[in-house]
Amino acid sequence: MHTPGSRSWRAGLVPTGRPGAHEVRPAALVVVAVAAGALGALGGVALRALVGLLTQVFTGSADPSAHGVGVGLSHPAVPWLGAGVLVAAPVLGGLLQGPVVHRWAPVSARGLGVPEVMLAVARDGGRVPPRVAAVKAYAASVCLGSGGSVGVVGPTVQIGAVLASGAGQLLRLPDHRLRAVVAAGAAAGITGAFDAPLAGALFAVELVLLEISGGALAVLALAVATAVGVGHLLGTGGPLLALPPHTVAGGPALAAVGVLGVAAGATGALFTRFLYATADVCDRLWRGPEWLRPAVGGLLLGGLLLWWPQLYGVGYGAVADALAGRFVLVTLLALVALKILATSLTLGVGGSGGVFAPALFVGAMLGGACGQVVTTVWPASGTDAAAFTVIGMAAVLAGTVRAPATAVAFVVEALAVPELLAALLVAVLLAAVTSRLLCADTVYTRKLTRRGVALHR
């Protein structure tokens, strides 16, 4: 005897001929897609909020990356420590993060997060252990809140995918439906956290789904639409950074955009290679217990943050400074190299986080440098340097993750700059092609290739 609720679910499930797996009728599939969208969005919104809270707890500041060297940074609980809190925070974060990750999810909760989702969809039919979501949320929020120079998108994707996978496994969905639901959860995480539905959907299509079907796209669309509603209900609507309209005027300026695209693609390829080379060096040099590794690495990271607080966490404050033209050319170029180093170190010592925000940061600094050169050499062009800062963000992101449509959509939606769409397309296309010529793998697939896993779309 079934309860009315269980009868309604049974009515939506059709046996597939395989034990324990059921096909889903359209009405039930709608419910599953909506659930995946809601869960993914809630996970993404919660993670961003938790990172913000822990950043305040660790440093006494909402965004240390907006501070100059030691300027105005003092934790109210330990005022005598002054800017030294930038060293203490990553060490303490490493001590809090390392033992939990090492005990509960040493592989899945460390690192970028997205490769694990890609692997689960390609090899495991979309099945991900449910506890990964909890450990990943904890590890990523502590790592980012304590200064880890990584991003929130990768963990958001993984958490959304894990939650959606858990719901799908609970309903015993067949593999092809479960894969679609997992991709939808990943897209919903980005959508809910950043109010970027198109970017979320394109991310799932370009990076997560290996096969595209009408059913998968329908699940994706429903989940993303649900995530938009959940995100707005929780107050996550609006651009990531408020920007005035920008322009790229004239043929020479567009040619400079092309040069920036090529440089961004080369930077993205360099970023990928350097990140994994740093991880190899850390593996060779470390001889202590794995649970202690993030804390010792945090001491090295803290030394960087003490002199360059702009590298703290996601670094949106520093990006805003770059957009406002507050950095000179030498500082911009230094921050390109230092952010790549800080992100590689954070992940190499066992930290948890993504590369979206670091790629956007690097791109902002590279684009800002290009913009300063263009406006200095050709002041009458009518092009503002901040436009190149925005274009650089999308171009380096495309060169790093090799998802050009996602890069354009994310920057247009998150920064509300539709007027730069044409220039963004030029830069992103050149960046993706250049990156592909210099490095066969993306920053995500390289992790899988090193495990002997090759993904085929």
# chains A, B, ... in the order shown; residues from 1 in each chain; ligands from 1
$ residues_around --residues "A:Arg131" --least-positions-apart "2" --cutoff "9 Å" --atoms "only C-alpha atoms" --output "PyMOL selection string"
chain A and resi 104-105+128-129+133-136+162
$ write_last_selection --atoms "all heavy atoms" --output "compact mmCIF listing (two decimals), in the first residue's frame"
# COMPACT_ATOMS: atom_id res chain seq x y z
N TRP A 104 37.26 12.96 4.65
CA TRP A 104 35.96 12.65 4.07
C TRP A 104 35.91 12.65 2.55
O TRP A 104 35.10 11.93 1.96
CB TRP A 104 34.91 13.64 4.60
CG TRP A 104 34.69 13.49 6.06
CD1 TRP A 104 35.11 14.32 7.04
CD2 TRP A 104 34.02 12.41 6.73
NE1 TRP A 104 34.76 13.85 8.28
CE2 TRP A 104 34.06 12.67 8.11
CE3 TRP A 104 33.37 11.26 6.28
CZ2 TRP A 104 33.50 11.81 9.05
CZ3 TRP A 104 32.79 10.41 7.22
CH2 TRP A 104 32.87 10.70 8.58
N ALA A 105 36.74 13.46 1.89
CA ALA A 105 36.68 13.51 0.41
C ALA A 105 38.00 14.00 -0.15
O ALA A 105 38.08 15.08 -0.73
CB ALA A 105 35.53 14.40 -0.06
N VAL A 128 27.24 10.89 -8.27
CA VAL A 128 28.25 11.52 -7.43
C VAL A 128 27.87 11.26 -5.98
O VAL A 128 26.70 11.40 -5.61
CB VAL A 128 28.31 13.04 -7.66
CG1 VAL A 128 29.49 13.64 -6.92
CG2 VAL A 128 28.40 13.36 -9.14
N PRO A 129 28.81 10.86 -5.12
CA PRO A 129 28.48 10.62 -3.71
C PRO A 129 27.89 11.87 -3.07
O PRO A 129 28.47 12.95 -3.16
CB PRO A 129 29.84 10.27 -3.08
CG PRO A 129 30.66 9.76 -4.22
CD PRO A 129 30.21 10.54 -5.42
N ALA A 133 28.96 17.15 -1.65
CA ALA A 133 28.41 18.51 -1.62
C ALA A 133 28.72 19.19 -0.29
O ALA A 133 29.14 20.35 -0.26
CB ALA A 133 26.90 18.48 -1.86
N ALA A 134 28.52 18.49 0.81
CA ALA A 134 28.76 19.09 2.12
C ALA A 134 30.24 19.38 2.33
O ALA A 134 30.62 20.47 2.79
CB ALA A 134 28.25 18.16 3.21
N VAL A 135 31.10 18.42 1.98
CA VAL A 135 32.54 18.61 2.18
C VAL A 135 33.06 19.71 1.26
O VAL A 135 33.88 20.54 1.65
CB VAL A 135 33.30 17.30 1.95
CG1 VAL A 135 34.80 17.51 2.14
CG2 VAL A 135 32.81 16.23 2.91
N LYS A 136 32.57 19.72 0.01
CA LYS A 136 33.02 20.74 -0.94
C LYS A 136 32.60 22.13 -0.50
O LYS A 136 33.38 23.08 -0.59
CB LYS A 136 32.45 20.45 -2.33
CG LYS A 136 33.00 21.36 -3.43
CD LYS A 136 34.47 21.08 -3.69
CE LYS A 136 35.00 21.90 -4.84
NZ LYS A 136 36.41 21.56 -5.16
N VAL A 162 26.09 17.89 -7.57
CA VAL A 162 25.96 16.82 -6.57
C VAL A 162 24.54 16.78 -6.00
O VAL A 162 23.95 15.70 -5.85
CB VAL A 162 26.99 17.02 -5.44
CG1 VAL A 162 26.69 16.08 -4.28
CG2 VAL A 162 28.40 16.79 -5.95
$ closest_atom_pairs --of "stretch 366-405 of chain A" --to "stretch 329-344 of chain A" --cutoff "12 Å" --atoms "only C-alpha atoms" --output "Markdown table"
| residue | atom | partner | partner_atom | distance |
| --- | --- | --- | --- | --- |
| A:Leu366 | CA | A:Val336 | CA | 6.4 |
| A:Gly367 | CA | A:Leu332 | CA | 8.9 |
| A:Gly368 | CA | A:Leu332 | CA | 7.0 |
| A:Ala369 | CA | A:Leu329 | CA | 5.5 |
| A:Cys370 | CA | A:Leu329 | CA | 8.8 |
| A:Gly371 | CA | A:Leu329 | CA | 9.6 |
| A:Gln372 | CA | A:Leu329 | CA | 7.0 |
| A:Val373 | CA | A:Leu329 | CA | 8.3 |
| A:Val374 | CA | A:Leu329 | CA | 11.7 |
| A:Thr376 | CA | A:Leu329 | CA | 11.1 |
| A:Ala385 | CA | A:Leu329 | CA | 11.5 |
| A:Thr389 | CA | A:Leu332 | CA | 10.5 |
| A:Gly392 | CA | A:Val336 | CA | 11.3 |
| A:Met393 | CA | A:Val336 | CA | 11.5 |
| A:Val396 | CA | A:Val336 | CA | 10.7 |
| A:Thr400 | CA | A:Ile340 | CA | 11.4 |
$ residues_around --residues "stretch 308-312 of chain A" --least-positions-apart "4" --cutoff "6 Å" --atoms "only C-alpha atoms" --output "CSV table (one decimal) with N, CA, C and O atoms, in the first residue's frame"
chain,number,residue,atom,x,y,z
A,65,SER,N,40.8,42.4,-0.9
A,65,SER,CA,41.4,42.6,-2.1
A,65,SER,C,41.2,44.1,-2.6
A,65,SER,O,41.9,44.6,-3.5
A,147,GLY,N,41.3,33.4,2.4
A,147,GLY,CA,42.3,34.0,1.5
A,147,GLY,C,42.8,33.2,0.3
A,147,GLY,O,43.6,33.7,-0.5
A,149,SER,N,43.4,32.0,-3.2
A,149,SER,CA,43.3,32.8,-4.4
A,149,SER,C,42.6,32.1,-5.5
A,149,SER,O,43.2,31.8,-6.6
A,304,LEU,N,52.6,36.2,0.3
A,304,LEU,CA,52.2,37.0,-0.9
A,304,LEU,C,51.1,38.0,-0.6
A,304,LEU,O,51.1,39.2,-1.0
A,318,ALA,N,39.8,44.2,-6.3
A,318,ALA,CA,40.9,44.6,-7.2
A,318,ALA,C,40.5,44.8,-8.6
A,318,ALA,O,40.9,45.7,-9.3
$ closest_residue --among "A:Glu206, A:Ala216, A:Pro289, A:Leu240" --to "A:Val411" --atoms "only C-alpha atoms"
A:Leu240
$ closest_residue --among "A:Gly399, A:Gly315, A:Gly303, A:Gly60" --to "A:Thr267" --atoms "only C-alpha atoms"
A:Gly399
